[in-house]
file query-v8.txt (compact mmCIF, C-alpha atoms)
# COMPACT_ATOMS: atom_id res chain seq x y z
CA MET A 1 99.90 139.09 219.51
CA LYS A 2 102.69 141.10 217.98
CA ASN A 3 102.26 144.82 217.49
CA TYR A 4 101.64 146.01 213.95
CA ASP A 5 104.72 147.72 212.50
CA PRO A 6 103.81 149.98 209.53
CA VAL A 7 107.47 150.40 208.52
CA LYS A 8 107.97 146.65 208.14
CA ALA A 9 104.69 146.40 206.25
CA ILE A 10 105.84 149.10 203.80
CA TYR A 11 109.16 147.33 203.35
CA ALA A 12 107.33 144.07 202.63
CA VAL A 13 105.02 145.69 200.08
CA VAL A 14 107.93 147.41 198.32
CA LEU A 15 109.92 144.19 198.25
CA ILE A 16 106.99 142.27 196.74
CA MET A 17 106.36 144.95 194.11
CA VAL A 18 110.03 145.13 193.11
CA SER A 19 110.21 141.32 192.94
CA LEU A 20 107.13 141.14 190.71
CA PHE A 21 108.54 143.88 188.48
CA ALA A 22 111.84 142.01 188.24
CA LEU A 23 109.96 138.87 187.19
CA TYR A 24 108.04 140.89 184.60
CA ILE A 25 111.11 142.44 182.96
CA THR A 26 112.84 139.05 182.94
CA SER A 27 109.86 137.09 181.64
CA SER A 28 111.04 137.15 178.02
CA PHE A 29 114.31 135.58 179.09
CA PHE A 30 112.87 132.83 181.28
CA TYR A 31 113.43 130.09 178.74
CA VAL A 32 116.94 131.43 178.05
CA ILE A 33 117.77 131.08 181.75
CA ILE A 34 116.23 127.60 181.84
CA LEU A 35 118.18 126.53 178.76
CA SER A 36 121.40 127.87 180.26
CA ALA A 37 120.86 126.00 183.53
CA LEU A 38 119.94 122.79 181.72
CA PHE A 39 122.90 123.06 179.35
CA ALA A 40 125.26 123.66 182.27
CA TYR A 41 123.79 120.67 184.10
CA VAL A 42 124.22 118.36 181.09
CA ILE A 43 127.85 119.31 180.36
CA HIS A 44 128.86 119.58 184.02
CA PRO A 45 130.29 116.01 184.08
CA VAL A 46 132.78 117.12 181.41
CA TYR A 47 133.61 120.18 183.49
CA SER A 48 134.18 118.00 186.58
CA PHE A 49 136.37 115.63 184.58
CA CYS A 50 138.51 118.51 183.33
CA LEU A 51 138.95 119.76 186.91
CA LYS A 52 140.87 116.59 187.71
CA PHE A 53 143.62 117.62 185.31
CA VAL A 54 143.25 121.40 185.00
CA LYS A 55 142.79 123.20 188.29
CA ASN A 56 141.61 126.44 186.70
CA ARG A 57 137.79 126.59 186.79
CA GLN A 58 137.55 129.20 184.03
CA ILE A 59 139.54 127.07 181.60
CA CYS A 60 137.58 123.95 182.55
CA ALA A 61 134.33 125.79 181.82
CA LEU A 62 135.59 126.93 178.40
CA ILE A 63 136.65 123.42 177.33
CA PRO A 64 133.14 121.85 177.06
CA LEU A 65 131.65 125.06 175.66
CA GLY A 66 134.35 125.28 173.01
CA THR A 67 133.95 121.60 172.16
CA VAL A 68 130.20 121.96 171.68
CA PHE A 69 130.71 125.06 169.51
CA ILE A 70 133.26 123.27 167.32
CA LEU A 71 130.98 120.25 166.91
CA ILE A 72 127.98 122.39 165.95
CA ALA A 73 130.01 124.57 163.56
CA SER A 74 131.67 121.59 161.87
CA SER A 75 128.35 119.74 161.56
CA GLY A 76 126.70 122.78 160.00
CA PHE A 77 129.61 123.21 157.59
CA MET A 78 129.42 119.57 156.50
CA MET A 79 125.66 119.79 155.96
CA ILE A 80 125.96 122.95 153.89
CA LYS A 81 128.79 121.44 151.85
CA ALA A 82 126.81 118.26 151.21
CA LEU A 83 123.74 120.29 150.21
CA MET A 84 125.79 122.38 147.79
CA ASN A 85 127.34 119.27 146.26
CA GLU A 86 123.96 117.64 145.71
CA THR A 87 122.52 120.86 144.31
CA SER A 88 125.40 121.19 141.87
CA ARG A 89 124.86 117.63 140.72
CA ILE A 90 121.22 118.37 139.99
CA LEU A 91 122.14 121.48 138.05
CA GLU A 92 124.66 119.51 136.01
CA ILE A 93 121.91 117.40 134.46
CA PRO A 94 121.94 118.17 130.70
CA ASN A 95 119.51 120.86 129.60
CA THR A 96 118.00 121.12 133.11
CA LEU A 97 118.88 124.76 133.60
CA ASN A 98 119.68 125.93 130.07
CA GLY A 99 116.55 124.35 128.68
CA PHE A 100 114.30 126.38 130.97
CA ALA A 101 116.35 129.57 130.66
CA ASN A 102 116.31 129.60 126.85
CA MET A 103 112.66 128.71 126.35
CA ASP A 104 110.47 131.65 125.44
CA LEU A 105 107.22 132.12 127.33
CA ARG A 106 105.44 132.67 124.03
CA ARG A 107 106.64 129.31 122.72
CA ILE A 108 105.50 127.57 125.90
CA ILE A 109 102.02 129.07 125.62
CA GLY A 110 101.99 128.33 121.91
CA LEU A 111 102.09 124.64 122.75
CA PHE A 112 98.61 125.03 124.23
CA GLU A 113 97.27 127.11 121.32
CA PRO A 114 95.05 124.30 119.96
CA ILE A 115 93.11 124.13 123.23
CA ILE A 116 92.89 127.84 124.11
CA LYS A 117 91.09 130.59 122.21
CA THR A 118 93.17 133.56 123.32
CA HIS A 119 96.06 134.52 121.06
CA PRO A 120 99.42 133.55 122.60
CA GLY A 121 100.68 137.13 122.40
CA LYS A 122 97.73 138.61 124.28
CA LEU A 123 97.80 135.78 126.80
CA THR A 124 101.49 136.44 127.41
CA GLU A 125 100.81 140.13 127.98
CA SER A 126 97.95 139.42 130.39
CA ILE A 127 100.08 136.94 132.36
CA GLY A 128 102.92 139.46 132.49
CA GLY A 129 100.57 142.19 133.72
CA TYR A 130 99.11 139.89 136.34
CA LEU A 131 102.58 138.92 137.58
CA ASN A 132 103.63 142.57 137.68
CA THR A 133 100.55 143.51 139.72
CA LEU A 134 101.09 140.55 141.99
CA VAL A 135 104.70 141.53 142.68
CA MET A 136 103.84 145.18 143.30
CA ASP A 137 101.07 144.23 145.71
CA TYR A 138 103.31 141.92 147.71
CA VAL A 139 106.47 144.05 147.72
CA PRO A 140 105.55 145.82 151.03
CA GLN A 141 104.72 142.49 152.63
CA ILE A 142 108.00 141.00 151.40
CA GLN A 143 109.89 143.98 152.81
CA ASN A 144 108.14 143.61 156.15
CA ASN A 145 108.98 139.90 156.22
CA ILE A 146 112.64 140.66 155.50
CA VAL A 147 112.73 143.19 158.34
CA GLN A 148 110.97 140.74 160.69
CA ILE A 149 113.38 137.93 159.80
CA SER A 150 116.36 140.23 160.36
CA THR A 151 114.98 141.30 163.74
CA ASP A 152 114.26 137.72 164.82
CA LEU A 153 117.72 136.65 163.70
CA SER A 154 119.34 139.44 165.72
CA ILE A 155 117.34 138.48 168.82
CA LEU A 156 118.28 134.83 168.33
CA ILE A 157 121.98 135.70 168.14
CA ILE A 158 121.71 137.78 171.33
CA GLU A 159 119.90 134.95 173.11
CA LEU A 160 122.55 132.44 172.06
CA ILE A 161 125.28 134.74 173.38
CA VAL A 162 123.42 135.11 176.69
CA ILE A 163 122.99 131.32 176.94
CA VAL A 164 126.72 130.76 176.40
CA VAL A 165 127.72 133.43 178.94
CA LEU A 166 125.22 132.23 181.57
CA THR A 167 126.30 128.62 181.07
CA TYR A 168 129.93 129.63 181.56
CA TYR A 169 129.26 131.40 184.85
CA LEU A 170 126.96 128.61 186.09
CA LEU A 171 129.78 126.13 185.54
CA VAL A 172 132.37 128.33 187.23
CA GLU A 173 130.14 129.01 190.24
CA SER A 174 128.63 125.52 190.39
CA GLU A 175 130.19 124.64 193.75
CA THR A 176 128.92 127.81 195.37
CA ILE A 177 125.44 127.26 193.95
CA ALA A 178 125.40 123.68 195.24
CA ALA A 179 126.42 124.86 198.70
CA GLU A 180 123.71 127.50 198.90
CA LEU A 181 120.74 125.57 197.52
CA PRO A 182 119.83 123.58 200.68
CA GLY A 183 119.72 126.82 202.65
CA LEU A 184 116.72 127.92 200.59
CA PHE A 185 114.54 125.27 202.26
CA PRO A 186 112.83 125.84 205.63
CA ASP A 187 114.30 122.51 206.79
CA ARG A 188 117.86 121.99 205.61
CA LYS A 189 117.67 118.21 206.09
CA VAL A 190 114.62 117.96 203.85
CA GLY A 191 116.38 120.20 201.34
CA VAL A 192 119.38 117.87 201.20
CA VAL A 193 117.16 114.82 200.60
CA PHE A 194 115.06 116.65 198.00
CA LEU A 195 118.08 117.94 196.07
CA ARG A 196 119.67 114.51 196.07
CA GLU A 197 116.52 112.90 194.66
CA LEU A 198 116.05 115.74 192.18
CA ASN A 199 119.63 115.28 191.00
CA HIS A 200 119.13 111.53 190.47
CA ILE A 201 115.88 112.10 188.58
CA TYR A 202 117.26 114.85 186.37
CA GLN A 203 120.29 112.71 185.63
CA ASN A 204 117.96 110.01 184.37
CA LEU A 205 115.69 112.37 182.45
CA PHE A 206 118.33 114.59 180.87
CA VAL A 207 121.90 113.32 181.15
CA VAL A 208 121.08 109.65 180.59
CA TYR A 209 118.55 110.55 177.91
CA PHE A 210 121.05 112.80 176.12
CA LEU A 211 123.87 110.24 176.31
CA THR A 212 121.57 107.48 175.02
CA CYS A 213 120.54 109.62 172.05
CA LEU A 214 124.18 110.51 171.41
CA ALA A 215 125.13 106.82 171.43
CA THR A 216 122.24 106.16 169.04
CA GLY A 217 123.60 108.79 166.63
CA VAL A 218 127.13 107.34 166.79
CA ILE A 219 125.88 103.79 166.19
CA GLY A 220 123.69 105.09 163.36
CA GLY A 221 126.62 106.82 161.66
CA ILE A 222 128.69 103.61 161.84
CA LEU A 223 125.76 101.57 160.53
CA TYR A 224 125.21 103.89 157.57
CA TRP A 225 128.93 103.82 156.77
CA VAL A 226 129.02 100.01 156.82
CA LEU A 227 125.98 99.79 154.51
CA GLY A 228 127.46 102.33 152.07
CA VAL A 229 124.90 105.09 152.62
CA PRO A 230 126.24 108.44 151.31
CA TYR A 231 127.18 111.04 153.94
CA PRO A 232 127.05 108.63 156.93
CA LEU A 233 128.37 111.26 159.36
CA ILE A 234 125.61 113.70 158.45
CA TRP A 235 122.93 111.00 158.70
CA GLY A 236 124.38 110.02 162.08
CA ILE A 237 123.97 113.60 163.29
CA VAL A 238 120.40 113.67 161.96
CA THR A 239 119.72 110.38 163.74
CA PHE A 240 120.99 111.87 167.01
CA ILE A 241 118.73 114.92 166.59
CA MET A 242 115.69 112.80 165.75
CA ALA A 243 116.39 110.49 168.68
CA LEU A 244 116.10 113.51 170.98
CA LEU A 245 112.47 113.91 169.84
CA PRO A 246 110.51 111.27 171.77
CA VAL A 247 107.61 111.01 169.33
CA VAL A 248 109.76 111.00 166.17
CA GLY A 249 112.75 108.84 167.10
CA ALA A 250 115.63 107.41 165.10
CA GLY A 251 113.27 105.14 163.15
CA THR A 252 112.24 108.11 161.03
CA VAL A 253 115.74 108.42 159.59
CA TYR A 254 116.55 104.81 158.75
CA GLY A 255 112.92 104.28 157.69
CA LEU A 256 113.09 107.07 155.08
CA LEU A 257 116.50 105.85 153.90
CA ALA A 258 115.10 102.33 153.51
CA LEU A 259 112.16 103.74 151.51
CA TYR A 260 114.62 105.57 149.24
CA TYR A 261 116.53 102.34 148.54
CA VAL A 262 113.27 100.55 147.82
CA LEU A 263 112.43 103.20 145.21
CA ILE A 264 115.79 102.70 143.49
CA GLN A 265 115.25 98.92 143.74
CA ASN A 266 118.15 98.25 146.10
CA TYR A 267 116.19 95.85 148.28
CA PHE A 268 119.16 94.38 150.13
CA THR A 269 120.25 97.75 151.55
CA ALA A 270 116.65 98.65 152.34
CA GLY A 271 116.09 95.41 154.27
CA ALA A 272 119.42 95.74 156.06
CA LEU A 273 118.56 99.29 157.13
CA VAL A 274 115.22 98.21 158.58
CA PHE A 275 116.48 95.09 160.37
CA LEU A 276 119.77 96.52 161.68
CA GLY A 277 118.10 99.85 162.48
CA ILE A 278 115.54 98.17 164.72
CA VAL A 279 118.24 96.14 166.48
CA PHE A 280 121.01 98.74 166.87
CA LEU A 281 119.05 102.01 166.92
CA ASN A 282 115.98 100.96 168.94
CA ILE A 283 116.46 97.78 170.93
CA ILE A 284 120.09 98.21 172.05
CA PRO A 285 119.80 101.91 173.07
CA ASP A 286 116.51 101.40 174.96
CA PHE A 287 117.18 98.04 176.60
CA VAL A 288 120.97 97.90 176.96
CA ILE A 289 122.57 101.36 176.93
CA ARG A 290 119.92 103.30 178.86
CA PRO A 291 119.66 100.83 181.80
CA LYS A 292 123.47 100.75 182.06
CA LEU A 293 123.66 104.54 182.27
CA ALA A 294 120.69 105.01 184.59
CA ARG A 295 121.08 104.42 188.31
CA SER A 296 118.73 101.81 189.70
CA ARG A 297 117.68 104.01 192.64
CA ALA A 298 116.71 106.79 190.22
CA ALA A 299 115.03 104.57 187.66
CA ILE A 300 111.93 106.13 186.17
CA HIS A 301 109.14 104.17 184.54
CA PRO A 302 109.27 104.45 180.72
CA ALA A 303 105.65 105.61 180.67
CA ILE A 304 106.51 108.59 182.89
CA THR A 305 109.52 109.42 180.72
CA LEU A 306 107.42 109.31 177.55
CA LEU A 307 104.70 111.42 179.16
CA ALA A 308 107.22 113.96 180.46
CA PHE A 309 108.81 114.51 177.06
CA ALA A 310 105.85 114.07 174.71
CA ALA A 311 102.73 115.46 176.40
CA PRO A 312 103.96 119.06 177.02
CA VAL A 313 104.93 119.43 173.35
CA PHE A 314 101.25 119.54 172.37
CA VAL A 315 100.59 122.32 174.89
CA LEU A 316 103.78 124.41 174.93
CA GLY A 317 105.30 123.57 171.55
CA PRO A 318 108.97 122.57 171.12
CA VAL A 319 109.95 124.17 174.44
CA GLY A 320 107.77 121.54 176.12
CA ILE A 321 110.55 119.00 175.56
CA ILE A 322 112.49 120.90 178.24
CA ILE A 323 109.73 122.27 180.48
CA GLY A 324 107.90 118.92 180.70
CA PRO A 325 110.74 116.82 182.17
CA LEU A 326 111.68 119.66 184.54
CA THR A 327 108.12 119.78 185.89
CA TYR A 328 107.55 116.02 186.12
CA GLY A 329 111.00 115.52 187.65
CA PHE A 330 110.31 118.16 190.29
CA LEU A 331 107.01 116.55 191.30
CA LEU A 332 108.56 113.09 191.35
CA ALA A 333 111.38 114.36 193.58
CA VAL A 334 108.80 115.83 195.99
CA PHE A 335 106.98 112.49 196.12
CA ARG A 336 110.18 110.51 196.74
CA THR A 337 111.37 112.96 199.40
CA LYS A 338 108.08 112.64 201.25
CA LYS A 339 108.34 108.87 201.01
CA ILE A 340 111.91 108.84 202.35
CA ILE A 341 111.27 111.27 205.19
CA GLY A 342 108.16 109.38 206.24
CA ALA A 343 109.64 105.92 205.80
CA SER A 344 109.66 105.13 209.54
CA PRO A 345 106.93 106.38 211.87
CA VAL A 346 108.07 108.46 214.84
CA ARG A 347 107.60 106.80 218.18
CA GLU A 348 105.43 108.82 220.49
CA GLU A 349 107.73 109.05 223.50
CA SER A 350 106.07 112.16 224.84
CA SER A 351 103.23 110.13 226.31
CA ILE A 352 105.74 108.15 228.39
CA THR A 353 108.20 110.79 229.53
CA GLY A 354 105.95 113.82 229.27
CA SER A 355 108.83 115.70 227.68
CA VAL A 356 109.01 117.33 224.27
CA GLU A 357 112.76 116.95 223.86
CA PRO A 358 112.84 113.15 223.49
CA VAL A 359 110.26 113.39 220.72
CA LYS A 360 112.38 115.91 218.91
CA ARG A 361 115.43 113.63 219.18
CA ALA A 362 113.37 110.67 217.99
CA GLU A 363 112.16 112.60 214.96
CA GLU A 364 115.71 113.60 214.05
CA LYS A 365 116.93 110.02 214.44
CA THR A 366 114.05 108.71 212.32
CA ILE A 367 114.84 111.15 209.52
CA GLU A 368 118.53 110.26 209.63
CA THR A 369 117.76 106.52 209.60
CA ALA A 370 115.34 106.92 206.65
CA VAL A 371 117.90 108.86 204.67
CA GLU A 372 120.62 106.31 205.38
CA ARG A 373 118.31 103.46 204.33
CA SER A 374 117.57 105.26 201.08
CA GLY A 375 121.21 105.27 200.11
CA GLY A 376 121.89 108.79 201.36
CA ILE A 377 124.41 110.10 203.86
CA PRO A 378 124.12 111.09 207.54
CA LEU A 379 122.22 114.35 207.63
CA GLU A 380 124.28 115.69 210.52
CA ALA A 381 127.43 115.52 208.40
CA SER A 382 129.60 118.49 207.80
CA LYS A 383 129.06 120.95 204.98
CA ASP A 384 131.76 119.33 202.86
CA HIS A 385 130.22 115.91 203.42
CA ILE A 386 126.70 117.04 202.58
CA PHE A 387 127.68 118.40 199.20
CA SER A 388 129.60 115.38 198.06
CA PRO A 389 128.99 113.97 194.55
CA GLU A 390 126.60 111.44 196.10
CA ILE A 391 124.17 114.32 196.51
CA ASN A 392 125.13 116.85 193.93
CA PRO A 393 127.35 116.43 190.84
CA TRP A 394 128.32 120.10 191.02
CA HIS A 395 130.73 119.34 193.86
CA ASP A 396 134.32 118.36 193.38
CA ARG A 397 135.76 116.13 196.07
CA LYS A 398 139.14 117.85 195.84
CA LYS A 399 137.73 121.36 196.15
CA ALA A 400 135.26 121.56 198.99
CA VAL A 401 133.17 124.66 199.27
call {"tool": "encode", "arguments": {"input": "query-v8.txt", "output": "structure tokens"}}
result
Amino acid sequence: MKNYDPVKAIYAVVLIMVSLFALYITSSFFYVIILSALFAYVIHPVYSFCLKFVKNRQICALIPLGTVFILIASSGFMMIKALMNETSRILEIPNTLNGFANMDLRRIIGLFEPIIKTHPGKLTESIGGYLNTLVMDYVPQIQNNIVQISTDLSILIIELIVIVVLTYYLLVESETIAAELPGLFPDRKVGVVFLRELNHIYQNLFVVYFLTCLATGVIGGILYWVLGVPYPLIWGIVTFIMALLPVVGAGTVYGLLALYYVLIQNYFTAGALVFLGIVFLNIIPDFVIRPKLARSRAAIHPAITLLAFAAPVFVLGPVGIIIGPLTYGFLLAVFRTKKIIGASPVREESSITGSVEPVKRAEEKTIETAVERSGGIPLEASKDHIFSPEINPWHDRKKAV
């Protein structure tokens, strides 16, 4: 039994306390860190593609971030412009605005004079007094709401800046992060297998899911343009956003548009939206595009995918769309790693030779054979070989860590 060392015990207690305090002061930014890591993971293929042509990692990290910013800014500008155009058209309706502005409150109340007993003048004064009291009572609350909205908006802007900066550095240091991750596991070989499976699963849950929704939005925009729907680009963007929500889906968009055309008695466009929407925005993305993008060895049952994205929303709110797949994917990677490592039973050679060393060699050979059968790589490979793109997409073949 080892002797008790009070100095080491104090060091351990201090380290635990400081770690817990660090977690506490970072707790408000947990979801910001998670969003940054997820965002970096999703756009990393673009970063890796840029590295083939531009050898500067900093520039390659700025290219996808700048592209995403331009797309979001341009989409927001188009939506605001379309909203202003439609609002101006409504206001141009004859007598819509001027009719209400020029009508006297007394005249409006006078219309109801036959059915009310109070004189219109007194009723007008009482309504005015009531409105004045109502405004004065709610002025402090309105001021507090304005201050709260301003504070929340400032915090949101700061969080967005932190997400962008963290994503940039995660992309730049992606190779180093990929090289260090297996060292965090007690058994490096198990860590390599686990990270490989986790990468395949997250690719299916996030990258493939995102690309499928993006393809759905592009197809939707083209479909709306062909059918003559106003603002097809904006509706395509809305379709992409709705496709990201597993419970809502793209059917909400083309369904509401079809209902609108039914109300204006344009039955041909309404029927075309429903029929072509089901074919091109539901069947083709789910049964053609998604299987093509997903790797067969990382295929996940649709029920698990639906459960991972939908169920946590009812418990955690909108953030559950991100936390749910991360959690389910982690557990599924643990299950698959255990299955791969234990694929072949270890032969008990110790009973024959009476030596421990042959058993150890047999265990290592069994693990290596199981990994190779699962489509992996030899676990005794070099560091550069271990962190190849077969295991981790963060690695660039041309720039080994």
call {"tool": "atom_distance", "arguments": {"input": "query-v8.txt", "atom1": "CA of Asn282 in chain A", "atom2": "CA of Gly251 in chain A"}}
result
7.6 Å
call {"tool": "atom_distance", "arguments": {"input": "query-v8.txt", "atom1": "CA of His301 in chain A", "atom2": "CA of Lys338 in chain A"}}
result
18.8 Å
call {"tool": "atom_distance", "arguments": {"input": "query-v8.txt", "atom1": "CA of Ile283 in chain A", "atom2": "CA of Gly217 in chain A"}}
result
13.8 Å
call {"tool": "closest_residue", "arguments": {"input": "query-v8.txt", "among": "A:Ile34, A:Leu326, A:Ile70, A:Phe335", "to": "Leu170 in chain A", "atoms": "only C-alpha atoms"}}
result
A:Ile34
call {"tool": "residues_around", "arguments": {"input": "query-v8.txt", "residues": "range 267-273 of chain A", "least_positions_apart": "6", "cutoff": "9 Å", "atoms": "all atoms listed in the file", "output": "PyMOL selection string"}}
result
chain A and resi 223-224+227-229+254-255+257-261
call {"tool": "write_last_selection", "arguments": {"input": "query-v8.txt", "atoms": "C-alpha atoms", "output": "PDB file, keeping the file's coordinate frame"}}
result
ATOM      1  CA  LEU A 223     125.760 101.570 160.530  1.00  0.00           C
ATOM      2  CA  TYR A 224     125.210 103.890 157.570  1.00  0.00           C
ATOM      3  CA  LEU A 227     125.980  99.790 154.510  1.00  0.00           C
ATOM      4  CA  GLY A 228     127.460 102.330 152.070  1.00  0.00           C
ATOM      5  CA  VAL A 229     124.900 105.090 152.620  1.00  0.00           C
ATOM      6  CA  TYR A 254     116.550 104.810 158.750  1.00  0.00           C
ATOM      7  CA  GLY A 255     112.920 104.280 157.690  1.00  0.00           C
ATOM      8  CA  LEU A 257     116.500 105.850 153.900  1.00  0.00           C
ATOM      9  CA  ALA A 258     115.100 102.330 153.510  1.00  0.00           C
ATOM     10  CA  LEU A 259     112.160 103.740 151.510  1.00  0.00           C
ATOM     11  CA  TYR A 260     114.620 105.570 149.240  1.00  0.00           C
ATOM     12  CA  TYR A 261     116.530 102.340 148.540  1.00  0.00           C
TER      13      TYR A 261
END
call {"tool": "closest_residue", "arguments": {"input": "query-v8.txt", "among": "A:Ile33, A:Leu256, A:Ala178, A:Leu83", "to": "Ile161 in chain A", "atoms": "all atoms listed in the file"}}
result
A:Ile33
call {"tool": "closest_residue", "arguments": {"input": "query-v8.txt", "among": "A:Gln58, A:Thr87, A:Thr26, A:Thr305", "to": "Leu205 in chain A", "atoms": "all atoms listed in the file"}}
result
A:Thr305
call {"tool": "closest_residue", "arguments": {"input": "query-v8.txt", "among": "A:Ile322, A:Ala303, A:Met79, A:Leu198", "to": "Pro232 in chain A", "atoms": "only C-alpha atoms"}}
result
A:Met79
call {"tool": "closest_residue", "arguments": {"input": "query-v8.txt", "among": "A:Ala12, A:Met17, A:Leu156, A:Ile234", "to": "Ile72 in chain A", "atoms": "all atoms listed in the file"}}
result
A:Ile234
call {"tool": "decode", "arguments": {"input": "query-v8.txt", "residues": "range 73-88 of chain A", "atoms": "N, CA, C and O atoms", "output": "PDB file, in the first residue's frame"}}
result
ATOM      1  N   ALA A  73     -26.061  37.550 -44.944  1.00  0.00           N
ATOM      2  CA  ALA A  73     -26.336  38.980 -45.111  1.00  0.00           C
ATOM      3  C   ALA A  73     -27.181  39.236 -46.358  1.00  0.00           C
ATOM      4  O   ALA A  73     -28.152  40.013 -46.321  1.00  0.00           O
ATOM      5  N   SER A  74     -26.830  38.588 -47.465  1.00  0.00           N
ATOM      6  CA  SER A  74     -27.591  38.798 -48.701  1.00  0.00           C
ATOM      7  C   SER A  74     -29.013  38.251 -48.572  1.00  0.00           C
ATOM      8  O   SER A  74     -29.968  38.869 -49.062  1.00  0.00           O
ATOM      9  N   SER A  75     -29.163  37.095 -47.896  1.00  0.00           N
ATOM     10  CA  SER A  75     -30.504  36.544 -47.704  1.00  0.00           C
ATOM     11  C   SER A  75     -31.362  37.468 -46.838  1.00  0.00           C
ATOM     12  O   SER A  75     -32.532  37.713 -47.143  1.00  0.00           O
ATOM     13  N   GLY A  76     -30.770  37.979 -45.755  1.00  0.00           N
ATOM     14  CA  GLY A  76     -31.506  38.924 -44.918  1.00  0.00           C
ATOM     15  C   GLY A  76     -31.888  40.189 -45.663  1.00  0.00           C
ATOM     16  O   GLY A  76     -33.006  40.703 -45.509  1.00  0.00           O
ATOM     17  N   PHE A  77     -30.976  40.689 -46.494  1.00  0.00           N
ATOM     18  CA  PHE A  77     -31.273  41.897 -47.279  1.00  0.00           C
ATOM     19  C   PHE A  77     -32.423  41.642 -48.249  1.00  0.00           C
ATOM     20  O   PHE A  77     -33.327  42.488 -48.391  1.00  0.00           O
ATOM     21  N   MET A  78     -32.403  40.488 -48.921  1.00  0.00           N
ATOM     22  CA  MET A  78     -33.478  40.185 -49.867  1.00  0.00           C
ATOM     23  C   MET A  78     -34.817  40.038 -49.156  1.00  0.00           C
ATOM     24  O   MET A  78     -35.857  40.494 -49.667  1.00  0.00           O
ATOM     25  N   MET A  79     -34.812  39.424 -47.975  1.00  0.00           N
ATOM     26  CA  MET A  79     -36.069  39.263 -47.244  1.00  0.00           C
ATOM     27  C   MET A  79     -36.626  40.609 -46.801  1.00  0.00           C
ATOM     28  O   MET A  79     -37.833  40.869 -46.914  1.00  0.00           O
ATOM     29  N   ILE A  80     -35.749  41.472 -46.299  1.00  0.00           N
ATOM     30  CA  ILE A  80     -36.202  42.794 -45.869  1.00  0.00           C
ATOM     31  C   ILE A  80     -36.724  43.604 -47.052  1.00  0.00           C
ATOM     32  O   ILE A  80     -37.759  44.283 -46.960  1.00  0.00           O
ATOM     33  N   LYS A  81     -36.022  43.510 -48.175  1.00  0.00           N
ATOM     34  CA  LYS A  81     -36.460  44.237 -49.370  1.00  0.00           C
ATOM     35  C   LYS A  81     -37.815  43.738 -49.851  1.00  0.00           C
ATOM     36  O   LYS A  81     -38.701  44.540 -50.198  1.00  0.00           O
ATOM     37  N   ALA A  82     -37.996  42.406 -49.868  1.00  0.00           N
ATOM     38  CA  ALA A  82     -39.276  41.852 -50.291  1.00  0.00           C
ATOM     39  C   ALA A  82     -40.396  42.264 -49.340  1.00  0.00           C
ATOM     40  O   ALA A  82     -41.509  42.592 -49.766  1.00  0.00           O
ATOM     41  N   LEU A  83     -40.113  42.263 -48.031  1.00  0.00           N
ATOM     42  CA  LEU A  83     -41.113  42.663 -47.047  1.00  0.00           C
ATOM     43  C   LEU A  83     -41.503  44.128 -47.224  1.00  0.00           C
ATOM     44  O   LEU A  83     -42.693  44.482 -47.146  1.00  0.00           O
ATOM     45  N   MET A  84     -40.513  44.980 -47.489  1.00  0.00           N
ATOM     46  CA  MET A  84     -40.812  46.397 -47.706  1.00  0.00           C
ATOM     47  C   MET A  84     -41.625  46.600 -48.974  1.00  0.00           C
ATOM     48  O   MET A  84     -42.543  47.436 -49.014  1.00  0.00           O
ATOM     49  N   ASN A  85     -41.305  45.846 -50.018  1.00  0.00           N
ATOM     50  CA  ASN A  85     -42.068  45.978 -51.263  1.00  0.00           C
ATOM     51  C   ASN A  85     -43.526  45.574 -51.072  1.00  0.00           C
ATOM     52  O   ASN A  85     -44.450  46.269 -51.530  1.00  0.00           O
ATOM     53  N   GLU A  86     -43.739  44.461 -50.367  1.00  0.00           N
ATOM     54  CA  GLU A  86     -45.109  44.006 -50.141  1.00  0.00           C
ATOM     55  C   GLU A  86     -45.861  44.962 -49.215  1.00  0.00           C
ATOM     56  O   GLU A  86     -47.055  45.209 -49.409  1.00  0.00           O
ATOM     57  N   THR A  87     -45.157  45.510 -48.234  1.00  0.00           N
ATOM     58  CA  THR A  87     -45.807  46.475 -47.336  1.00  0.00           C
ATOM     59  C   THR A  87     -46.204  47.737 -48.090  1.00  0.00           C
ATOM     60  O   THR A  87     -47.295  48.290 -47.885  1.00  0.00           O
ATOM     61  N   SER A  88     -45.331  48.193 -48.971  1.00  0.00           N
ATOM     62  CA  SER A  88     -45.647  49.395 -49.748  1.00  0.00           C
ATOM     63  C   SER A  88     -46.828  49.156 -50.675  1.00  0.00           C
ATOM     64  O   SER A  88     -47.641  50.050 -50.909  1.00  0.00           O
TER      65      SER A  88
END
